[in-house]
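This report concerns only the one structure given below.
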Amino acid sequence: MPETGPATAAHEPSPKTPPAEPTASAPGADPGPGSASAPAPAPAPGPGPGSVSAAVPAPRAESAPGAPRAGTAAARRTGLLVMVVLGGLSALPPLSMDMYLPALPEVASALASPAATIQLTLTACLAGMALGQLVIGPMSDKWGRRRPLLAGMALYVLATAVCALAPTAELLIGFRLLQGLAGAAGIVIARAVVRDLYEGVEMAKFFSSLMLISGVAPIVAPLIGAQVLRFADWRGVFVVLAAVGLALTLLVWRRLDETLPPERRHTGGVGAALRTMRGLLADRVFAGYVLAGGFSFAALFAYIAASPFVVQEIYGASAQTFSLLFGLNSVGLIVIGQVNGKLLVGRVSLDKVLACGIAVAVAASAALLLMSAGVFGPVGLAPVAAALFVLMSAMGLVLPNTNALALMRTPQAAGSASALLGTSSFLVGAAASPLVGIAGEGTAVPMAVVQVCCSLLAASCFLGLCRPWRSRGAAAAA
């Protein structure tokens, strides 16, 4: 699709960063820290410890949004291969979680452990993925993308192989934690590589394309796991995951070049990484996108955690019907993500598209709450399924654009920014998931309440912190 202009996302300049002069090529666009259209700002004398400029190195002058970065032409010529590699890395965590689900009863029986203990193997993997991003993201800013990624993937393969041999539930829980920590490298570095290679609208398009690959993983993972269990016991699932991890490791080693040149890397240790993250969070607009994406992801997590009980236990649908509806909702998310990348990005402001997605999510979750609470009287499965479909499809507009808009502001700390994006999503999602069952399995009201609250919080963070209308209004007045 030919681009019709540069990215039109409008933001406020970040704190303590001098605003860029408006140009004819990007009317009303806020550069943010390290924006593609902003000249390198002169450092302010004696910045405070909490300022963005104190924690994030001053950005270099960059090309216009949507234009290739200098020094990355060779990597971008293999765009389809890069998309396959990064898509595989992004899909590995949901594969690690969802392929294992059909085997849970068998694991509990084989290891003579209660179901609650075996459930901790899922929690441990999820916690590892959340915390691992905080460590690996800053590492990739310091040492480049390839070395931390290859080390993380090698450790993932080793931890997964040990999971296949684990004789006790306690050992399985420990190595699932290590598996999550190592697998986090794929999530956080994949986003950072996209930021290294792409600018503006091209970055938003690429994130939408990644959703096509990573979004399929939660659909096919339980099916793959179920097929593996036809020919092997639960340990076979981990053997397959180790083989997939090994194949991705070899593909990264052979085909994914380094995308962060030495002159753009950070120096310093843990203290410097923490200061960088503090500086990123001090950027109100960046924090707004991180929180909006995190709360939206929590609404998605609430659906994943509660929908099996809502569809099957409350509305009496069969397991096959639930699988069909789950797959249909995932397809809706993927299709709308492609509409976002192929038709909307480059034609409509990213902030406008994001606002539309959040508004649809709020409306769909509110309708779901009203139906679940009986405001419209008894309702069947069809209207509830329709509301869930609309809510999940709206995530195809929200999730890729929050990632793109946040990373547009952080060219010099993409690894740390990606870590904050991923960790916030996983932690908020993990906190929201248990709330959907707070009133038992006989009502869908808790799920709907969590989704309404998360969607409203996402809207509040977007409007209250990002304030996308301000620079557009200033540009119109000028």
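Scheme for the structure tokens: letters A, B, ... for chains in order shown; per-chain residue numbers from 1; ligand numbers from 1 in order shown.
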Practice task
Within 7 Å of stretch 134-149 of chain A, counting only C-alpha atoms, which residues show up once you throw out same-chain ones fewer than 3 positions away? Write them as number ranges by chain, please.
Solution key: A: 131, 152-153, 185-186, 188-189, 258-260, 265-267, 273, 413, 415-416, 418-420, 423
Problem - Pick from A:Ala458, A:Leu171, A:Val240, A:Ala204 nearest to A:Ser349, counting only C-alpha atoms - result: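 Under the stated criterion, the closest residue is A:Ala204.
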Problem - Neighbour list for A:Thr123 as a PyMOL selection string, cut-off 9 Å, only C-alpha atoms, skip fewer than 2 positions in-chain - result: chain A and resi 119-121+125-128+173+176-177+430
Keeping all heavy atoms for every residue in the selection just given, could you write it to a file as a PDB file, in the first residue's frame?
ATOM      1  N   GLN A 119      -1.163 -26.232  38.724  1.00  0.00           N
ATOM      2  CA  GLN A 119      -1.497 -24.913  38.174  1.00  0.00           C
ATOM      3  C   GLN A 119      -0.344 -23.927  38.375  1.00  0.00           C
ATOM      4  O   GLN A 119      -0.179 -22.981  37.596  1.00  0.00           O
ATOM      5  CB  GLN A 119      -2.771 -24.371  38.842  1.00  0.00           C
ATOM      6  CG  GLN A 119      -4.056 -25.043  38.399  1.00  0.00           C
ATOM      7  CD  GLN A 119      -4.506 -24.615  37.014  1.00  0.00           C
ATOM      8  OE1 GLN A 119      -3.982 -23.678  36.444  1.00  0.00           O
ATOM      9  NE2 GLN A 119      -5.476 -25.335  36.466  1.00  0.00           N
ATOM     10  N   LEU A 120       0.453 -24.139  39.410  1.00  0.00           N
ATOM     11  CA  LEU A 120       1.591 -23.250  39.651  1.00  0.00           C
ATOM     12  C   LEU A 120       2.623 -23.329  38.531  1.00  0.00           C
ATOM     13  O   LEU A 120       3.424 -22.410  38.373  1.00  0.00           O
ATOM     14  CB  LEU A 120       2.251 -23.586  40.988  1.00  0.00           C
ATOM     15  CG  LEU A 120       1.446 -23.242  42.245  1.00  0.00           C
ATOM     16  CD1 LEU A 120       2.192 -23.695  43.491  1.00  0.00           C
ATOM     17  CD2 LEU A 120       1.172 -21.743  42.306  1.00  0.00           C
ATOM     18  N   THR A 121       2.620 -24.408  37.765  1.00  0.00           N
ATOM     19  CA  THR A 121       3.554 -24.468  36.638  1.00  0.00           C
ATOM     20  C   THR A 121       3.195 -23.427  35.575  1.00  0.00           C
ATOM     21  O   THR A 121       4.081 -22.919  34.883  1.00  0.00           O
ATOM     22  CB  THR A 121       3.549 -25.875  36.015  1.00  0.00           C
ATOM     23  OG1 THR A 121       2.249 -26.180  35.498  1.00  0.00           O
ATOM     24  CG2 THR A 121       3.938 -26.923  37.046  1.00  0.00           C
ATOM     25  N   CYS A 125       5.598 -19.955  34.815  1.00  0.00           N
ATOM     26  CA  CYS A 125       6.015 -19.591  33.454  1.00  0.00           C
ATOM     27  C   CYS A 125       5.597 -18.159  33.123  1.00  0.00           C
ATOM     28  O   CYS A 125       6.373 -17.392  32.549  1.00  0.00           O
ATOM     29  CB  CYS A 125       5.421 -20.579  32.458  1.00  0.00           C
ATOM     30  SG  CYS A 125       6.020 -20.381  30.768  1.00  0.00           S
ATOM     31  N   LEU A 126       4.380 -17.781  33.510  1.00  0.00           N
ATOM     32  CA  LEU A 126       3.884 -16.429  33.246  1.00  0.00           C
ATOM     33  C   LEU A 126       4.705 -15.393  34.014  1.00  0.00           C
ATOM     34  O   LEU A 126       5.084 -14.350  33.466  1.00  0.00           O
ATOM     35  CB  LEU A 126       2.410 -16.336  33.629  1.00  0.00           C
ATOM     36  CG  LEU A 126       1.712 -15.005  33.364  1.00  0.00           C
ATOM     37  CD1 LEU A 126       1.710 -14.677  31.893  1.00  0.00           C
ATOM     38  CD2 LEU A 126       0.281 -15.037  33.897  1.00  0.00           C
ATOM     39  N   ALA A 127       5.013 -15.684  35.283  1.00  0.00           N
ATOM     40  CA  ALA A 127       5.817 -14.756  36.079  1.00  0.00           C
ATOM     41  C   ALA A 127       7.219 -14.622  35.491  1.00  0.00           C
ATOM     42  O   ALA A 127       7.789 -13.527  35.454  1.00  0.00           O
ATOM     43  CB  ALA A 127       5.890 -15.238  37.524  1.00  0.00           C
ATOM     44  N   GLY A 128       7.783 -15.729  35.031  1.00  0.00           N
ATOM     45  CA  GLY A 128       9.099 -15.666  34.413  1.00  0.00           C
ATOM     46  C   GLY A 128       9.108 -14.804  33.162  1.00  0.00           C
ATOM     47  O   GLY A 128      10.036 -14.025  32.941  1.00  0.00           O
ATOM     48  N   ILE A 173       8.001 -26.940  38.416  1.00  0.00           N
ATOM     49  CA  ILE A 173       7.656 -25.533  38.659  1.00  0.00           C
ATOM     50  C   ILE A 173       8.901 -24.658  38.520  1.00  0.00           C
ATOM     51  O   ILE A 173       8.876 -23.600  37.881  1.00  0.00           O
ATOM     52  CB  ILE A 173       7.026 -25.365  40.049  1.00  0.00           C
ATOM     53  CG1 ILE A 173       5.645 -26.022  40.092  1.00  0.00           C
ATOM     54  CG2 ILE A 173       6.905 -23.887  40.423  1.00  0.00           C
ATOM     55  CD1 ILE A 173       5.053 -26.128  41.474  1.00  0.00           C
ATOM     56  N   ARG A 176       9.937 -24.412  34.902  1.00  0.00           N
ATOM     57  CA  ARG A 176       8.973 -23.620  34.129  1.00  0.00           C
ATOM     58  C   ARG A 176       9.221 -22.123  34.353  1.00  0.00           C
ATOM     59  O   ARG A 176       9.075 -21.315  33.441  1.00  0.00           O
ATOM     60  CB  ARG A 176       7.538 -23.985  34.544  1.00  0.00           C
ATOM     61  CG  ARG A 176       7.052 -25.278  33.955  1.00  0.00           C
ATOM     62  CD  ARG A 176       6.667 -25.143  32.500  1.00  0.00           C
ATOM     63  NE  ARG A 176       5.333 -24.559  32.352  1.00  0.00           N
ATOM     64  CZ  ARG A 176       4.785 -24.251  31.185  1.00  0.00           C
ATOM     65  NH1 ARG A 176       5.465 -24.417  30.063  1.00  0.00           N
ATOM     66  NH2 ARG A 176       3.573 -23.730  31.122  1.00  0.00           N
ATOM     67  N   LEU A 177       9.597 -21.764  35.591  1.00  0.00           N
ATOM     68  CA  LEU A 177       9.975 -20.381  35.857  1.00  0.00           C
ATOM     69  C   LEU A 177      11.174 -19.984  35.005  1.00  0.00           C
ATOM     70  O   LEU A 177      11.187 -18.917  34.374  1.00  0.00           O
ATOM     71  CB  LEU A 177      10.286 -20.198  37.339  1.00  0.00           C
ATOM     72  CG  LEU A 177      10.803 -18.821  37.765  1.00  0.00           C
ATOM     73  CD1 LEU A 177       9.740 -17.749  37.554  1.00  0.00           C
ATOM     74  CD2 LEU A 177      11.235 -18.838  39.230  1.00  0.00           C
ATOM     75  N   ALA A 430      -2.040 -10.691  34.639  1.00  0.00           N
ATOM     76  CA  ALA A 430      -2.018 -11.734  35.662  1.00  0.00           C
ATOM     77  C   ALA A 430      -2.799 -11.318  36.902  1.00  0.00           C
ATOM     78  O   ALA A 430      -3.429 -12.153  37.556  1.00  0.00           O
ATOM     79  CB  ALA A 430      -0.574 -12.065  36.033  1.00  0.00           C
TER      80      ALA A 430
END
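Using only C-alpha atoms, the smallest distance between any of A:Thr402, A:Glu106, A:Thr249, A:Leu81 and A:Leu229 comes from A:Glu106.
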